[in-house]
file input.cif (mmCIF, C-alpha atoms and all ligand atoms)
data_query
loop_
_atom_site.label_atom_id
_atom_site.label_comp_id
_atom_site.auth_asym_id
_atom_site.auth_seq_id
_atom_site.Cartn_x
_atom_site.Cartn_y
_atom_site.Cartn_z
CA MET A 1 -21.26 -6.60 -14.76
CA ILE A 2 -20.73 -5.12 -11.31
CA VAL A 3 -20.98 -7.60 -8.45
CA ARG A 4 -21.11 -6.34 -4.89
CA LYS A 5 -19.63 -8.83 -2.45
CA ASN A 6 -19.82 -9.47 1.27
CA GLN A 7 -16.85 -7.72 2.88
CA ALA A 8 -16.25 -10.82 5.03
CA ASN A 9 -15.44 -12.80 1.87
CA LEU A 10 -13.10 -10.36 0.13
CA SER A 11 -9.63 -11.55 -0.78
CA ALA A 12 -6.60 -9.55 0.33
CA ALA A 13 -6.26 -8.24 -3.23
CA GLU A 14 -9.93 -7.17 -3.35
CA LYS A 15 -9.60 -5.36 -0.03
CA SER A 16 -6.54 -3.42 -1.09
CA ALA A 17 -8.09 -2.56 -4.49
CA PHE A 18 -11.13 -1.10 -2.74
CA VAL A 19 -9.03 0.82 -0.19
CA ASN A 20 -6.68 2.17 -2.86
CA ALA A 21 -9.55 3.39 -5.04
CA VAL A 22 -11.13 5.15 -2.03
CA LEU A 23 -7.82 6.79 -1.13
CA GLU A 24 -7.29 7.95 -4.71
CA LEU A 25 -10.75 9.58 -4.79
CA LYS A 26 -9.85 11.33 -1.55
CA ARG A 27 -6.59 12.61 -3.06
CA ARG A 28 -8.46 13.94 -6.08
CA GLY A 29 -11.03 15.78 -3.95
CA VAL A 30 -13.87 13.70 -5.36
CA TYR A 31 -14.47 11.87 -2.08
CA ASP A 32 -15.09 15.07 -0.16
CA GLU A 33 -17.59 16.21 -2.80
CA PHE A 34 -19.63 13.15 -1.89
CA VAL A 35 -19.39 13.98 1.82
CA THR A 36 -20.52 17.54 1.12
CA LEU A 37 -23.42 16.31 -1.01
CA HIS A 38 -24.64 14.10 1.86
CA ARG A 39 -24.21 16.82 4.48
CA THR A 40 -26.18 19.31 2.36
CA ARG A 41 -28.88 16.73 1.71
CA PHE A 42 -29.17 15.81 5.40
CA ILE A 43 -29.40 19.42 6.53
CA GLN A 44 -32.04 20.21 3.91
CA ASP A 45 -33.95 17.06 4.84
CA MET A 46 -34.24 18.42 8.38
CA ASN A 47 -35.43 21.83 7.08
CA PRO A 48 -39.20 22.09 6.49
CA ALA A 49 -38.57 24.57 3.65
CA TYR A 50 -37.38 21.68 1.45
CA VAL A 51 -39.07 18.49 0.26
CA ARG A 52 -37.17 15.66 1.91
CA THR A 53 -35.38 13.37 -0.49
CA GLY A 54 -32.70 11.48 1.44
CA HIS A 55 -33.79 10.85 5.02
CA ASN A 56 -36.97 10.20 7.00
CA THR A 57 -38.91 10.00 3.76
CA PRO A 58 -40.00 7.35 1.21
CA SER A 59 -37.13 8.12 -1.18
CA PHE A 60 -34.56 7.28 1.55
CA LEU A 61 -33.91 4.00 -0.29
CA PRO A 62 -33.83 5.14 -3.95
CA TRP A 63 -31.88 8.27 -2.98
CA HIS A 64 -29.12 6.25 -1.30
CA ARG A 65 -29.19 3.71 -4.15
CA GLN A 66 -28.42 6.48 -6.63
CA TYR A 67 -25.82 7.97 -4.27
CA LEU A 68 -23.99 4.63 -4.03
CA ILE A 69 -24.19 4.07 -7.80
CA ALA A 70 -22.61 7.49 -8.37
CA PHE A 71 -19.84 6.72 -5.87
CA GLU A 72 -19.24 3.25 -7.27
CA ARG A 73 -18.90 4.78 -10.76
CA GLU A 74 -16.14 7.06 -9.43
CA LEU A 75 -14.37 4.15 -7.74
CA ARG A 76 -14.39 2.28 -11.03
CA THR A 77 -12.79 5.15 -12.90
CA ILE A 78 -9.79 4.43 -10.65
CA ASP A 79 -9.99 0.62 -10.80
CA ALA A 80 -12.62 -1.10 -12.93
CA SER A 81 -12.40 -4.25 -10.79
CA VAL A 82 -13.76 -2.49 -7.71
CA SER A 83 -17.32 -2.53 -6.41
CA ILE A 84 -18.80 -1.46 -3.07
CA PRO A 85 -18.66 -4.34 -0.58
CA TYR A 86 -21.52 -4.79 1.85
CA TRP A 87 -21.28 -5.27 5.62
CA ASN A 88 -23.81 -7.71 7.03
CA TRP A 89 -23.94 -6.29 10.56
CA VAL A 90 -26.36 -9.00 11.69
CA ILE A 91 -23.59 -11.59 11.30
CA ASP A 92 -20.35 -9.60 11.52
CA ARG A 93 -20.97 -8.03 14.92
CA SER A 94 -17.53 -8.00 16.51
CA PRO A 95 -15.85 -4.59 16.87
CA THR A 96 -12.45 -6.27 16.43
CA ALA A 97 -13.09 -8.48 13.38
CA SER A 98 -13.58 -7.63 9.70
CA PRO A 99 -14.40 -4.96 8.47
CA TRP A 100 -12.53 -3.38 11.45
CA THR A 101 -9.13 -4.75 10.49
CA PRO A 102 -5.97 -2.86 9.41
CA ASP A 103 -6.25 -4.26 5.87
CA LEU A 104 -9.74 -2.83 5.33
CA LEU A 105 -11.27 -0.05 7.46
CA GLY A 106 -9.09 -0.03 10.57
CA GLY A 107 -10.42 -0.42 14.09
CA GLY A 108 -12.42 1.53 16.63
CA GLY A 109 -11.34 4.87 18.01
CA LEU A 110 -9.07 5.11 21.06
CA GLY A 111 -8.39 7.67 23.77
CA THR A 112 -10.59 10.51 24.92
CA ASN A 113 -11.23 11.63 21.32
CA PHE A 114 -11.93 8.15 19.97
CA GLN A 115 -9.47 8.71 17.16
CA VAL A 116 -9.00 5.85 14.70
CA LEU A 117 -5.29 5.01 14.96
CA ASP A 118 -4.79 2.02 12.69
CA GLY A 119 -5.55 1.05 9.13
CA PRO A 120 -5.56 3.08 5.91
CA PHE A 121 -7.86 5.81 7.25
CA ALA A 122 -5.86 6.68 10.36
CA TYR A 123 -4.99 10.39 10.51
CA ALA A 124 -1.25 9.72 10.88
CA THR A 125 -1.08 8.15 7.41
CA GLY A 126 -1.71 11.62 6.00
CA ASN A 127 -4.21 10.14 3.58
CA TRP A 128 -7.44 10.78 5.47
CA PRO A 129 -7.79 14.32 6.82
CA ILE A 130 -11.41 15.09 7.68
CA THR A 131 -12.11 18.33 5.85
CA VAL A 132 -15.90 18.30 5.48
CA GLN A 133 -16.89 18.61 9.10
CA ILE A 134 -19.60 19.23 11.62
CA ASP A 135 -17.26 19.45 14.62
CA THR A 136 -13.58 20.45 14.57
CA HIS A 137 -11.89 17.05 14.70
CA PRO A 138 -9.59 16.69 11.69
CA PHE A 139 -9.33 12.91 12.22
CA LEU A 140 -11.68 9.99 11.74
CA ARG A 141 -13.46 8.98 14.95
CA ARG A 142 -15.37 5.86 15.97
CA THR A 143 -16.97 4.70 19.21
CA LEU A 144 -17.71 1.13 18.11
CA GLY A 145 -20.18 -0.51 20.45
CA GLY A 146 -21.84 2.10 22.56
CA THR A 147 -25.05 1.65 24.48
CA TYR A 148 -27.13 -0.43 22.10
CA PRO A 149 -26.14 -3.51 20.12
CA LEU A 150 -26.14 -3.87 16.37
CA PRO A 151 -29.47 -5.00 14.88
CA ARG A 152 -30.29 -8.69 15.12
CA GLN A 153 -31.91 -11.07 12.69
CA SER A 154 -35.24 -10.58 14.47
CA ASP A 155 -35.03 -6.86 13.67
CA VAL A 156 -34.38 -7.59 10.01
CA ASP A 157 -37.24 -10.11 10.03
CA GLN A 158 -39.59 -7.43 11.29
CA ALA A 159 -38.73 -5.19 8.35
CA MET A 160 -39.00 -8.07 5.90
CA ALA A 161 -42.47 -8.93 7.21
CA ALA A 162 -43.86 -5.47 6.43
CA THR A 163 -46.18 -5.67 3.45
CA VAL A 164 -46.39 -1.96 2.61
CA TYR A 165 -43.43 0.06 1.33
CA ASP A 166 -44.48 3.34 2.93
CA ALA A 167 -47.53 5.24 4.13
CA PRO A 168 -48.70 8.66 5.31
CA PRO A 169 -47.41 10.81 6.90
CA TRP A 170 -44.42 9.73 4.72
CA ASN A 171 -41.82 10.52 7.37
CA GLU A 172 -40.31 9.11 10.59
CA ASN A 173 -43.81 8.52 11.94
CA SER A 174 -45.07 6.29 9.11
CA PRO A 175 -46.54 3.29 10.94
CA ASN A 176 -45.20 -0.21 10.32
CA THR A 177 -43.90 0.35 6.80
CA PHE A 178 -40.88 -1.37 5.30
CA ARG A 179 -39.05 1.89 4.62
CA ASN A 180 -39.58 3.31 8.08
CA ILE A 181 -38.68 0.10 9.91
CA LEU A 182 -35.54 -0.37 7.81
CA GLU A 183 -34.55 3.27 8.19
CA GLY A 184 -34.78 2.69 11.94
CA ASN A 185 -37.62 4.91 13.06
CA TRP A 186 -40.30 2.33 13.75
CA GLY A 187 -40.32 -0.99 15.60
CA ALA A 188 -36.85 -2.42 15.17
CA PHE A 189 -33.71 -0.28 15.25
CA LEU A 190 -32.00 -0.89 11.95
CA HIS A 191 -30.20 1.61 9.66
CA ASN A 192 -30.07 4.48 12.17
CA GLN A 193 -28.86 2.19 14.94
CA VAL A 194 -25.85 1.10 12.89
CA HIS A 195 -24.81 4.73 12.36
CA THR A 196 -25.06 5.23 16.13
CA TRP A 197 -23.20 2.01 16.92
CA VAL A 198 -20.20 3.07 14.82
CA GLY A 199 -20.36 6.59 16.26
CA GLY A 200 -17.94 9.43 15.48
CA GLN A 201 -18.57 10.96 12.06
CA MET A 202 -20.92 8.07 11.22
CA ALA A 203 -23.40 9.48 13.74
CA GLN A 204 -23.35 12.89 12.01
CA PRO A 205 -24.65 14.37 8.74
CA VAL A 206 -21.06 14.00 7.48
CA SER A 207 -21.26 10.20 7.95
CA PRO A 208 -19.67 9.35 4.55
CA ASN A 209 -16.37 10.62 6.02
CA ASP A 210 -16.17 7.09 7.40
CA PRO A 211 -15.79 4.66 4.49
CA VAL A 212 -17.89 2.14 6.42
CA PHE A 213 -20.81 4.33 5.30
CA TRP A 214 -20.69 2.69 1.84
CA LEU A 215 -20.55 -0.85 3.24
CA HIS A 216 -23.41 -0.13 5.62
CA HIS A 217 -25.61 1.44 2.95
CA ALA A 218 -24.83 -1.34 0.48
CA PHE A 219 -26.29 -3.81 2.99
CA VAL A 220 -29.34 -1.59 3.58
CA ASP A 221 -29.73 -1.46 -0.20
CA LYS A 222 -29.44 -5.25 -0.42
CA LEU A 223 -32.16 -5.63 2.21
CA TRP A 224 -34.40 -3.44 0.05
CA ALA A 225 -33.69 -5.67 -2.96
CA ASP A 226 -34.43 -8.77 -0.84
CA TRP A 227 -37.71 -7.23 0.36
CA GLN A 228 -38.75 -6.39 -3.20
CA GLN A 229 -38.26 -10.03 -4.14
CA LEU A 230 -40.34 -11.18 -1.17
CA HIS A 231 -43.14 -8.70 -1.91
CA PRO A 232 -43.31 -8.34 -5.70
CA ALA A 233 -46.83 -6.91 -5.52
CA SER A 234 -45.88 -4.12 -3.10
CA PRO A 235 -44.94 -1.01 -5.12
CA TYR A 236 -42.94 2.06 -4.22
CA LEU A 237 -45.20 4.63 -2.60
CA PRO A 238 -46.29 7.40 -2.86
CA ASN A 239 -47.20 7.28 -6.54
CA GLY A 240 -49.51 10.28 -6.71
CA THR A 241 -49.21 13.94 -5.92
CA THR A 242 -47.83 14.06 -2.43
CA PRO A 243 -46.52 17.52 -1.58
CA ASP A 244 -44.12 16.51 1.21
CA ALA A 245 -42.49 13.50 -0.41
CA VAL A 246 -40.90 12.36 -3.68
CA ASP A 247 -43.46 10.48 -5.75
CA LEU A 248 -42.61 7.52 -7.94
CA ASN A 249 -41.93 9.64 -11.03
CA GLU A 250 -40.54 12.79 -9.45
CA ALA A 251 -36.83 13.52 -9.56
CA MET A 252 -34.87 13.49 -6.30
CA ALA A 253 -32.75 16.51 -5.39
CA PRO A 254 -29.89 17.02 -6.06
CA TRP A 255 -30.46 14.87 -9.17
CA ASP A 256 -33.49 16.89 -10.24
CA GLY A 257 -32.09 18.81 -13.19
CA PRO A 258 -32.51 17.70 -16.81
CA GLY A 259 -32.50 13.91 -17.01
CA GLY A 260 -33.12 13.77 -13.27
CA VAL A 261 -33.25 10.56 -11.28
CA THR A 262 -36.63 9.30 -10.07
CA PRO A 263 -37.49 6.51 -7.64
CA ALA A 264 -39.02 4.64 -10.60
CA GLN A 265 -35.57 4.48 -12.23
CA MET A 266 -34.06 3.05 -9.05
CA LEU A 267 -36.53 0.22 -8.38
CA ASP A 268 -34.57 -2.42 -10.28
CA HIS A 269 -30.92 -2.47 -9.22
CA THR A 270 -29.89 -5.29 -11.58
CA PRO A 271 -29.01 -3.07 -14.57
CA TYR A 272 -26.42 -1.41 -12.33
CA TYR A 273 -25.04 -4.23 -10.14
CA THR A 274 -25.96 -7.47 -8.44
CA TYR A 275 -25.33 -8.85 -4.95
CA LEU A 276 -23.33 -11.98 -4.30
CU CU B 1 -27.71 9.21 4.47
#
call {"tool": "encode", "arguments": {"input": "input.cif", "output": "structure tokens"}}
result
Amino acid sequence: MIVRKNQANLSAAEKSAFVNAVLELKRRGVYDEFVTLHRTRFIQDMNPAYVRTGHNTPSFLPWHRQYLIAFERELRTIDASVSIPYWNWVIDRSPTASPWTPDLLGGGGLGTNFQVLDGPFAYATGNWPITVQIDTHPFLRRTLGGTYPLPRQSDVDQAMAATVYDAPPWNENSPNTFRNILEGNWGAFLHNQVHTWVGGQMAQPVSPNDPVFWLHHAFVDKLWADWQQLHPASPYLPNGTTPDAVDLNEAMAPWDGPGGVTPAQMLDHTPYYTYL
């Protein structure tokens, strides 16, 4: 059974096992395939010629759940003891404490380019060249902090209080729905704000270049699981024929070939992993 743990509680051995598995995927080229997949998805999500599947749309949560499951599977081919840790950014708010330590993700960027200079993902280690890019920086960048703070408990509470999963127009304008509040487009500033707070690649379509992406999205995923438990009578929506969004039983690109992955298959995370 896969158990995802709070990064603040990981032992030194658990931290290094996670880091080493991530670095090995990078060496094998698998990591950058995941970055490319996310970049392609993000760009298509912003293009009206495509049905959105990953961002600003109801399937934001099931899409990222499947994406993390696929990544976690790859990590475990390297080391079967590894799972994706989650970063509770409501509690762990300091830009100088875990996960921003040299034994896990390294710290914030320094200098005019905000280059990350310490930890396993610093450019000078030779292990973390940024090859799937939007800009031309070959190194990991972070501007931890920035103008707005990380989300607070009151922001999370606002999402948790929403009684409807999603609603028309099924995008960034959906009013007062759990998905749109948690994504960060309505009311509180949640998921999107964390990407902005980290900055650098995390604020770009190539955000998985920063391994904190997985820890951030694991916590977003956990909040979805928590919300489902609080609102057992509130189903995934839409469940009918909605042209501009992925319905409950429609497959989500790029997992829309034979045996494709639907939101319905992603509603219960417990066959795949649990949260500690
Ligand atoms: Cu994303």
call {"tool": "residues_around", "arguments": {"input": "input.cif", "residues": "Ala233 in chain A", "least_positions_apart": "5", "cutoff": "12 Å", "atoms": "all atoms listed in the file", "output": "list of chain:residue names"}}
result
A:Thr163, A:Val164, A:Tyr165, A:Trp227, A:Gln228
call {"tool": "residues_around", "arguments": {"input": "input.cif", "residues": "Gly109 in chain A", "least_positions_apart": "5", "cutoff": "12 Å", "atoms": "all atoms listed in the file", "output": "CSV table (one decimal) with C-alpha atoms, in the coordinates of the input"}}
result
chain,number,residue,atom,x,y,z
A,95,PRO,CA,-15.8,-4.6,16.9
A,96,THR,CA,-12.4,-6.3,16.4
A,100,TRP,CA,-12.5,-3.4,11.4
A,114,PHE,CA,-11.9,8.2,20.0
A,115,GLN,CA,-9.5,8.7,17.2
A,116,VAL,CA,-9.0,5.8,14.7
A,117,LEU,CA,-5.3,5.0,15.0
A,118,ASP,CA,-4.8,2.0,12.7
A,119,GLY,CA,-5.6,1.0,9.1
A,121,PHE,CA,-7.9,5.8,7.2
A,122,ALA,CA,-5.9,6.7,10.4
A,123,TYR,CA,-5.0,10.4,10.5
A,139,PHE,CA,-9.3,12.9,12.2
A,140,LEU,CA,-11.7,10.0,11.7
A,141,ARG,CA,-13.5,9.0,15.0
A,142,ARG,CA,-15.4,5.9,16.0
A,143,THR,CA,-17.0,4.7,19.2
A,144,LEU,CA,-17.7,1.1,18.1
A,145,GLY,CA,-20.2,-0.5,20.4
A,146,GLY,CA,-21.8,2.1,22.6
A,198,VAL,CA,-20.2,3.1,14.8
A,199,GLY,CA,-20.4,6.6,16.3
A,200,GLY,CA,-17.9,9.4,15.5
A,201,GLN,CA,-18.6,11.0,12.1
A,210,ASP,CA,-16.2,7.1,7.4
call {"tool": "residues_near_ligand", "arguments": {"input": "input.cif", "ligand": "ligand CU 1 (chain B)", "cutoff": "7 Å", "atoms": "only C-alpha atoms and all ligand atoms", "output": "VMD selection string"}}
result
chain A and resid 38 42 54 to 55 64
call {"tool": "atom_distance", "arguments": {"input": "input.cif", "atom1": "CA of Gly108 in chain A", "atom2": "CA of Glu33 in chain A"}}
result
24.9 Å
call {"tool": "atom_distance", "arguments": {"input": "input.cif", "atom1": "CA of Ala49 in chain A", "atom2": "CA of Pro263 in chain A"}}
result
21.3 Å
call {"tool": "closest_residue", "arguments": {"input": "input.cif", "among": "A:Lys26, A:Leu10, A:Ala17, A:Ser83", "to": "Ile69 in chain A", "atoms": "only C-alpha atoms"}}
result
A:Ser83
call {"tool": "build_atoms", "arguments": {"input": "input.cif", "residues": "range 232-254 of chain A", "atoms": "N, CA and C atoms", "output": "tab-separated table (two decimals), keeping the file's coordinate frame"}}
result
chain	number	residue	atom	x	y	z
A	232	PRO	N	-43.31	-8.90	-4.33
A	232	PRO	CA	-43.31	-8.34	-5.70
A	232	PRO	C	-44.55	-7.51	-6.02
A	233	ALA	N	-45.60	-7.67	-5.24
A	233	ALA	CA	-46.83	-6.91	-5.52
A	233	ALA	C	-46.90	-5.63	-4.70
A	234	SER	N	-45.87	-5.33	-3.93
A	234	SER	CA	-45.88	-4.12	-3.10
A	234	SER	C	-45.05	-3.04	-3.77
A	235	PRO	N	-45.68	-2.02	-4.34
A	235	PRO	CA	-44.94	-1.01	-5.12
A	235	PRO	C	-44.31	0.06	-4.24
A	236	TYR	N	-43.42	0.83	-4.85
A	236	TYR	CA	-42.94	2.06	-4.22
A	236	TYR	C	-44.13	3.00	-4.03
A	237	LEU	N	-44.18	3.63	-2.88
A	237	LEU	CA	-45.20	4.63	-2.60
A	237	LEU	C	-44.52	5.84	-1.96
A	238	PRO	N	-45.04	7.05	-2.17
A	238	PRO	CA	-46.29	7.40	-2.86
A	238	PRO	C	-46.12	7.44	-4.38
A	239	ASN	N	-47.24	7.24	-5.08
A	239	ASN	CA	-47.20	7.28	-6.54
A	239	ASN	C	-48.09	8.38	-7.11
A	240	GLY	N	-48.64	9.21	-6.22
A	240	GLY	CA	-49.51	10.28	-6.71
A	240	GLY	C	-48.88	11.63	-6.45
A	241	THR	N	-49.70	12.59	-6.17
A	241	THR	CA	-49.21	13.94	-5.92
A	241	THR	C	-49.16	14.16	-4.42
A	242	THR	N	-48.00	13.93	-3.87
A	242	THR	CA	-47.83	14.06	-2.43
A	242	THR	C	-46.87	15.21	-2.18
A	243	PRO	N	-47.35	16.31	-1.64
A	243	PRO	CA	-46.52	17.52	-1.58
A	243	PRO	C	-45.24	17.37	-0.75
A	244	ASP	N	-45.26	16.56	0.30
A	244	ASP	CA	-44.12	16.51	1.21
A	244	ASP	C	-43.17	15.36	0.96
A	245	ALA	N	-43.36	14.65	-0.15
A	245	ALA	CA	-42.49	13.50	-0.41
A	245	ALA	C	-42.26	13.36	-1.91
A	246	VAL	N	-41.21	12.60	-2.27
A	246	VAL	CA	-40.90	12.36	-3.68
A	246	VAL	C	-41.78	11.23	-4.18
A	247	ASP	N	-42.62	11.51	-5.16
A	247	ASP	CA	-43.46	10.48	-5.75
A	247	ASP	C	-42.65	9.61	-6.71
A	248	LEU	N	-43.26	8.52	-7.10
A	248	LEU	CA	-42.61	7.52	-7.94
A	248	LEU	C	-41.87	8.12	-9.13
A	249	ASN	N	-42.51	9.09	-9.78
A	249	ASN	CA	-41.93	9.64	-11.03
A	249	ASN	C	-41.41	11.05	-10.89
A	250	GLU	N	-41.15	11.47	-9.67
A	250	GLU	CA	-40.54	12.79	-9.45
A	250	GLU	C	-39.04	12.62	-9.24
A	251	ALA	N	-38.28	13.60	-9.73
A	251	ALA	CA	-36.83	13.52	-9.56
A	251	ALA	C	-36.45	13.90	-8.13
A	252	MET	N	-35.33	13.30	-7.68
A	252	MET	CA	-34.87	13.49	-6.30
A	252	MET	C	-33.70	14.48	-6.27
A	253	ALA	N	-33.88	15.59	-5.57
A	253	ALA	CA	-32.75	16.51	-5.39
A	253	ALA	C	-31.61	15.78	-4.69
A	254	PRO	N	-30.35	16.01	-5.10
A	254	PRO	CA	-29.89	17.02	-6.06
A	254	PRO	C	-29.89	16.53	-7.51
